[in-house]
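S.K.: Below you will find the structure I want to go over with you.
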Amino acid sequence: MDINTIGVCGAGTMGRGIALTAALAGFNTRLFDLQPAALERAKEQLQKELKKSIEKGKYTEAFAAQALARIEFTEDIDACVGEIFIEAIVEQAEPKIALFNQLAERNHSDCIFASNTSSLSITEMAKAIQHPERVIGLHFFNPATLMKLVEVVTTPFTAPSVQEIAWKLMQDFQKTPVLCIDSPGFIVNRVARPFYIESLRLLEEKKAGMQQLDRILTAAGFKMGPFALMDLIGNDINYAVSCSVYDQLGKPERLRPSSIQQQLVQTGKWGQKSGEGYYQYKSG
Ligand SMILES: NC(=O)c1ccc[n+]([C@@H]2O[C@H](COP(=O)([O-])OP(=O)(O)OC[C@H]3O[C@@H](n4cnc5c(N)ncnc54)[C@H](O)[C@@H]3O)[C@@H](O)[C@H]2O)c1
């Protein structure tokens with residue numbers, strides 16, 4: 001199957017970065033979101049990101065303008081026609097399944113459905129969709145335009161041809177794909193969970209402060225400390241992932257999500273995207 005048009009659903013932190021990655025690789029891209037404001041913000045953020053890249057000499061103005069022009073921003077699901085869809089909507093199984101089923105009604109039966117979920121079961125999603133062999137996980141990392149790694153997550157249903165197409169597409173995106181068997185949190189989010197949870201425990205137990213922990217861990221070689229990183233990811237997303245991995249692994253005490261995370265989510269302190277999380281940010 002030749003991929004000409006890629007649909008990206010959800011124009012938030014991840015979706016907009018995935019859409020730009022696809023457009024930079026030369027693909028016609030449709031970025032779909034239910035919220036017109038999210039699409040507006042995505043366009044502004046992408047313009048800003050491209051401007052920075054031009055200033056750094058990474059792209060010429062013409063190349064950046066052509067890439068942006070390849071993205072169609074739409075809130076109309078009927079415009080969502082393509083060979084592959086990558087969803088990056090809210091981290092809940094039901095809306096993701098409902099979206100894939102809506103897309104299935106509007107597309108050819110061999111159109112591929114990829115989820116960028118951080119932790120939900122791709123297998124359960126596949127089971128709820130007609131032709132489960134076309135469902136796969138493509139887990140990008142934040143920021144999606146810069147981070148090279150993509151976990152390519154297969155289920156017992158995934159067709160080898162679908163895996164092959166997804167793998168090749170990630171290479172076309174200039175990414176480094178790694179193959180993962182579907183399991184809670186895949187590889188990176190499972191390994192990374194204690195990084196966040198243990199840091200939150202130290203904070204809860206008043207053994208260390210937040211800035212101190214971020215400073216120490218960056219001094220130890222991590223690119224970002226846990227609290228700055230949770231704010232970049234989005235505390236709503238990070239909390240949802242913590243709960244999902246904890247539940248799916250049988251609620252081990254060592255992975256119990258923190259009440260601090262829950263409190264931040266409930267008070268709208270979602271991190272960089274809302275203007276405040278563990279830290280304060282100038283603009284949301
Ligand atoms: N934030 C991260 O660092 C990160 C990293 C890897 C994967 N992910 C995963 O990517 C997904 C999205 O995360 P995010 O941080 O970009 O979220 P986000 O909150 O920044 O954006 C989600 C967007 O989806 C839109 N949306 C919600 N329901 C929709 C629907 N039914 N149809 C179309 N659009 C809809 C919202 O309006 C919003 O603009 C989640 O599954 C998350 O686990 C996130």
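We name chains A, B, ... following the order of the structure tokens; residues begin at 1 in each chain, and ligands are numbered from 1 as shown.
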Quick one: residues within 6 Å of ligand 1, with only C-alpha atoms and all ligand atoms, as a PyMOL selection string?
M.R.: chain A and resi 9-15+32-35+38+88-91+95+99+116-118+139-142+233-234+237
S.K.: Take the residues from that selection and write them out as a CSV table (one decimal), in the first residue's frame, keeping C-alpha atoms.
M.R.:
```csv
chain,number,residue,atom,x,y,z
A,9,CYS,CA,-6.3,12.9,15.3
A,10,GLY,CA,-5.9,15.2,18.3
A,11,ALA,CA,-4.0,18.5,17.8
A,12,GLY,CA,-2.6,18.8,21.3
A,13,THR,CA,1.0,18.4,22.5
A,14,MET,CA,1.7,15.1,20.6
A,15,GLY,CA,-0.7,15.3,17.6
A,32,PHE,CA,-8.2,16.6,13.1
A,33,ASP,CA,-9.4,17.9,16.4
A,34,LEU,CA,-12.9,18.4,17.9
A,35,GLN,CA,-11.9,21.8,19.3
A,38,ALA,CA,-6.9,23.4,19.7
A,88,ALA,CA,-3.2,11.3,19.8
A,89,ILE,CA,-6.4,12.1,21.6
A,90,VAL,CA,-7.3,11.8,25.3
A,91,GLU,CA,-5.7,8.9,27.2
A,95,PRO,CA,-12.9,7.7,23.0
A,99,LEU,CA,-12.9,7.5,17.0
A,116,ASN,CA,-0.1,6.9,20.2
A,117,THR,CA,-1.4,5.8,23.6
A,118,SER,CA,1.3,5.8,26.3
A,139,HIS,CA,4.2,5.6,20.4
A,140,PHE,CA,6.1,8.8,19.8
A,141,PHE,CA,7.9,10.7,22.5
A,142,ASN,CA,7.6,14.4,23.5
A,233,ILE,CA,4.3,15.7,29.3
A,234,GLY,CA,1.2,17.1,30.9
A,237,ILE,CA,-1.6,12.6,30.8
```
S.K.: Excluding Gly26 of chain A and its own-chain neighbours fewer than 2 positions away, which residues fall within 10 Å of it when counting only C-alpha atoms? Please give them as number ranges by chain.
M.R.: A: 4-5, 20-24, 28-29, 66-67, 70, 172-173
S.K.: Restricted to N, CA and C atoms, what would the selected residues look like written as a CSV table (one decimal), in the first residue's frame?
M.R.:
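Writing the result to result_24.csv gives the following:
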```csv
chain,number,residue,atom,x,y,z
A,4,ASN,N,-0.2,8.1,0.9
A,4,ASN,CA,-0.2,9.4,0.4
A,4,ASN,C,-0.6,10.4,1.4
A,5,THR,N,-1.7,10.0,2.1
A,5,THR,CA,-2.3,11.0,3.1
A,5,THR,C,-2.3,10.3,4.5
A,20,LEU,N,3.4,17.6,12.2
A,20,LEU,CA,4.5,18.3,11.5
A,20,LEU,C,5.6,17.3,11.1
A,21,THR,N,5.9,16.3,11.8
A,21,THR,CA,6.9,15.3,11.4
A,21,THR,C,6.5,14.7,10.1
A,22,ALA,N,5.2,14.3,10.0
A,22,ALA,CA,4.7,13.7,8.7
A,22,ALA,C,4.8,14.7,7.6
A,23,ALA,N,4.5,15.9,7.8
A,23,ALA,CA,4.5,17.0,6.7
A,23,ALA,C,6.0,17.2,6.3
A,24,LEU,N,6.9,17.3,7.3
A,24,LEU,CA,8.3,17.5,7.0
A,24,LEU,C,8.9,16.4,6.2
A,28,ASN,N,1.1,14.4,2.7
A,28,ASN,CA,-0.1,15.2,2.9
A,28,ASN,C,-0.6,14.8,4.2
A,29,THR,N,-1.0,15.8,5.0
A,29,THR,CA,-1.3,15.4,6.4
A,29,THR,C,-2.6,16.1,6.8
A,66,GLN,N,6.5,25.1,2.8
A,66,GLN,CA,5.9,23.9,2.1
A,66,GLN,C,5.4,22.8,3.1
A,67,ALA,N,6.2,22.6,4.1
A,67,ALA,CA,5.8,21.6,5.1
A,67,ALA,C,4.5,22.0,5.7
A,70,ARG,N,1.4,21.5,3.8
A,70,ARG,CA,1.0,20.2,3.6
A,70,ARG,C,0.0,19.7,4.7
A,172,ASP,N,10.7,6.6,7.2
A,172,ASP,CA,10.5,7.8,6.3
A,172,ASP,C,10.4,9.1,7.1
A,173,PHE,N,9.9,8.9,8.4
A,173,PHE,CA,9.8,10.1,9.3
A,173,PHE,C,11.2,10.4,9.9
```
S.K.: Have a look at A:Pro156, A:Gly268, A:Pro177, A:Gly221 and name the one nearest to Arg134 of chain A; count only C-alpha atoms.
M.R.: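 Between A:Pro156, A:Gly268, A:Pro177, A:Gly221, the residue approaching Arg134 of chain A most closely is A:Pro156.
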S.K.: List every residue of segment 1-249 of chain A that DSSP, applied to the backbone of this structure, places in strand (DSSP E or B), and write the result as an MDAnalysis selection string.
M.R.: chainID A and resid 5:9 28:32 71:74 84:87 112:115 135:140 149:154 176:181
S.K.: Counting only C-alpha atoms, what are the residues of segment 156-207 of chain A within 12 Å of segment 101-115 of chain A, and for each of them which pair of atoms is the nearest and at what distance in Å, to one decimal? Sort the table by chain and rising number, as JSON lines.
M.R.:
```
{"residue": "A:Thr158", "atom": "CA", "partner": "A:Ile112", "partner_atom": "CA", "distance": 10.2}
{"residue": "A:Ala159", "atom": "CA", "partner": "A:Ile112", "partner_atom": "CA", "distance": 10.3}
{"residue": "A:Ser161", "atom": "CA", "partner": "A:Ile112", "partner_atom": "CA", "distance": 10.4}
{"residue": "A:Val162", "atom": "CA", "partner": "A:Ile112", "partner_atom": "CA", "distance": 7.2}
{"residue": "A:Gln163", "atom": "CA", "partner": "A:Ile112", "partner_atom": "CA", "distance": 9.9}
{"residue": "A:Glu164", "atom": "CA", "partner": "A:Ile112", "partner_atom": "CA", "distance": 11.6}
{"residue": "A:Ile165", "atom": "CA", "partner": "A:Ile112", "partner_atom": "CA", "distance": 9.2}
{"residue": "A:Ala166", "atom": "CA", "partner": "A:Ala114", "partner_atom": "CA", "distance": 8.5}
{"residue": "A:Trp167", "atom": "CA", "partner": "A:Ala114", "partner_atom": "CA", "distance": 11.6}
{"residue": "A:Leu169", "atom": "CA", "partner": "A:Ala114", "partner_atom": "CA", "distance": 11.7}
{"residue": "A:Met170", "atom": "CA", "partner": "A:Ala114", "partner_atom": "CA", "distance": 11.9}
{"residue": "A:Asp182", "atom": "CA", "partner": "A:Ser115", "partner_atom": "CA", "distance": 11.8}
```
S.K.: Report, in Å with one decimal, the straight-line distance from atom CA of Phe157 of chain A to atom CA of Val245 of chain A.
M.R.: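 Interatomic distance, atom CA of Phe157 of chain A to atom CA of Val245 of chain A: 21.8 Å.
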S.K.: So which one's closest to Tyr239 of chain A, A:Leu203, A:Gly57, A:Gln263, A:Leu68? Using only C-alpha atoms, please.
M.R.: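 Looking only at the distances to Tyr239 of chain A, the closest residue turns out to be A:Gln263.
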S.K.: Please, what distance in Å, to one decimal, runs between atom CA of Arg16 of chain A and atom CA of Ala42 of chain A?
M.R.: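 Computing it gives 5.8 Å between the two atoms.
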S.K.: Would you compute the distance between atom CA of Ser242 of chain A and atom CA of Leu255 of chain A? Give it in Å to one decimal.
M.R.: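 These two atoms are separated by 7.6 Å.
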S.K.: What are the closest atom pairs, with distances in Å to one decimal, for each residue of segment 216-261 of chain A lying within 10 Å of segment 269-273 of chain A, using only C-alpha atoms, rows by chain and rising residue number, as CSV?
M.R.:
```
residue,atom,partner,partner_atom,distance
A:Phe227,CA,A:Gly271,CA,9.5
A:Ala228,CA,A:Gly271,CA,8.6
A:Leu229,CA,A:Gly271,CA,9.3
A:Met230,CA,A:Gly271,CA,7.3
A:Asp231,CA,A:Gly271,CA,4.0
A:Leu232,CA,A:Gln272,CA,5.7
A:Ile233,CA,A:Gly271,CA,7.6
A:Gly234,CA,A:Trp270,CA,5.2
A:Asn235,CA,A:Trp270,CA,4.6
A:Asp236,CA,A:Trp270,CA,5.7
A:Ile237,CA,A:Trp270,CA,8.4
A:Asn238,CA,A:Trp270,CA,9.3
A:Tyr239,CA,A:Trp270,CA,9.8
A:Gln261,CA,A:Lys269,CA,9.4
```
S.K.: Residues of the last selection are to be written out with N, CA and C atoms, as a PDB file, in the first residue's frame.
M.R.:
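See selection18.pdb below for the written result:
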```pdb
ATOM      1  N   PHE A 227      10.095  16.402  37.768  1.00  0.00           N
ATOM      2  CA  PHE A 227       8.973  17.350  37.886  1.00  0.00           C
ATOM      3  C   PHE A 227       8.873  18.229  36.633  1.00  0.00           C
ATOM      4  N   ALA A 228      10.025  18.682  36.135  1.00  0.00           N
ATOM      5  CA  ALA A 228      10.014  19.453  34.884  1.00  0.00           C
ATOM      6  C   ALA A 228       9.501  18.575  33.746  1.00  0.00           C
ATOM      7  N   LEU A 229       9.864  17.301  33.772  1.00  0.00           N
ATOM      8  CA  LEU A 229       9.439  16.399  32.700  1.00  0.00           C
ATOM      9  C   LEU A 229       7.927  16.119  32.773  1.00  0.00           C
ATOM     10  N   MET A 230       7.416  15.943  33.981  1.00  0.00           N
ATOM     11  CA  MET A 230       5.963  15.711  34.118  1.00  0.00           C
ATOM     12  C   MET A 230       5.189  16.931  33.618  1.00  0.00           C
ATOM     13  N   ASP A 231       5.727  18.133  33.884  1.00  0.00           N
ATOM     14  CA  ASP A 231       5.072  19.355  33.382  1.00  0.00           C
ATOM     15  C   ASP A 231       5.119  19.429  31.862  1.00  0.00           C
ATOM     16  N   LEU A 232       6.189  18.930  31.258  1.00  0.00           N
ATOM     17  CA  LEU A 232       6.292  18.932  29.786  1.00  0.00           C
ATOM     18  C   LEU A 232       5.296  17.927  29.187  1.00  0.00           C
ATOM     19  N   ILE A 233       5.233  16.758  29.791  1.00  0.00           N
ATOM     20  CA  ILE A 233       4.327  15.702  29.297  1.00  0.00           C
ATOM     21  C   ILE A 233       2.873  16.153  29.430  1.00  0.00           C
ATOM     22  N   GLY A 234       2.558  16.808  30.538  1.00  0.00           N
ATOM     23  CA  GLY A 234       1.170  17.148  30.895  1.00  0.00           C
ATOM     24  C   GLY A 234       0.805  16.274  32.088  1.00  0.00           C
ATOM     25  N   ASN A 235       0.442  16.909  33.211  1.00  0.00           N
ATOM     26  CA  ASN A 235       0.158  16.116  34.413  1.00  0.00           C
ATOM     27  C   ASN A 235      -1.116  15.296  34.287  1.00  0.00           C
ATOM     28  N   ASP A 236      -2.054  15.765  33.462  1.00  0.00           N
ATOM     29  CA  ASP A 236      -3.269  14.980  33.208  1.00  0.00           C
ATOM     30  C   ASP A 236      -2.906  13.662  32.524  1.00  0.00           C
ATOM     31  N   ILE A 237      -2.027  13.769  31.522  1.00  0.00           N
ATOM     32  CA  ILE A 237      -1.599  12.576  30.775  1.00  0.00           C
ATOM     33  C   ILE A 237      -0.751  11.674  31.683  1.00  0.00           C
ATOM     34  N   ASN A 238       0.219  12.280  32.365  1.00  0.00           N
ATOM     35  CA  ASN A 238       1.128  11.469  33.186  1.00  0.00           C
ATOM     36  C   ASN A 238       0.374  10.736  34.296  1.00  0.00           C
ATOM     37  N   TYR A 239      -0.628  11.399  34.857  1.00  0.00           N
ATOM     38  CA  TYR A 239      -1.435  10.753  35.912  1.00  0.00           C
ATOM     39  C   TYR A 239      -2.266   9.609  35.317  1.00  0.00           C
ATOM     40  N   GLN A 261      -0.179  14.019  42.283  1.00  0.00           N
ATOM     41  CA  GLN A 261      -0.559  14.027  40.854  1.00  0.00           C
ATOM     42  C   GLN A 261      -2.062  14.280  40.712  1.00  0.00           C
TER      43      GLN A 261
END
```
S.K.: Mind the document's chain letters and residue numbers, and return as JSON, numbers by chain the residues of segment 2-155 of chain A that DSSP labels alpha helix (DSSP H).
M.R.: {"A": [13, 14, 15, 16, 17, 18, 19, 20, 21, 22, 23, 24, 36, 37, 38, 39, 40, 41, 42, 43, 44, 45, 46, 47, 48, 49, 50, 51, 52, 53, 54, 55, 61, 62, 63, 64, 65, 66, 67, 68, 69, 93, 94, 95, 96, 97, 98, 99, 100, 101, 102, 103, 104, 105, 106, 122, 123, 124, 125, 126, 127]}
S.K.: Set the distance at 9 Å and use only C-alpha atoms: which residues neighbour Val178 of chain A once local chain neighbours fewer than 6 positions away are removed? I'd like the list as a VMD selection string.
M.R.: chain A and resid 149 to 153 167
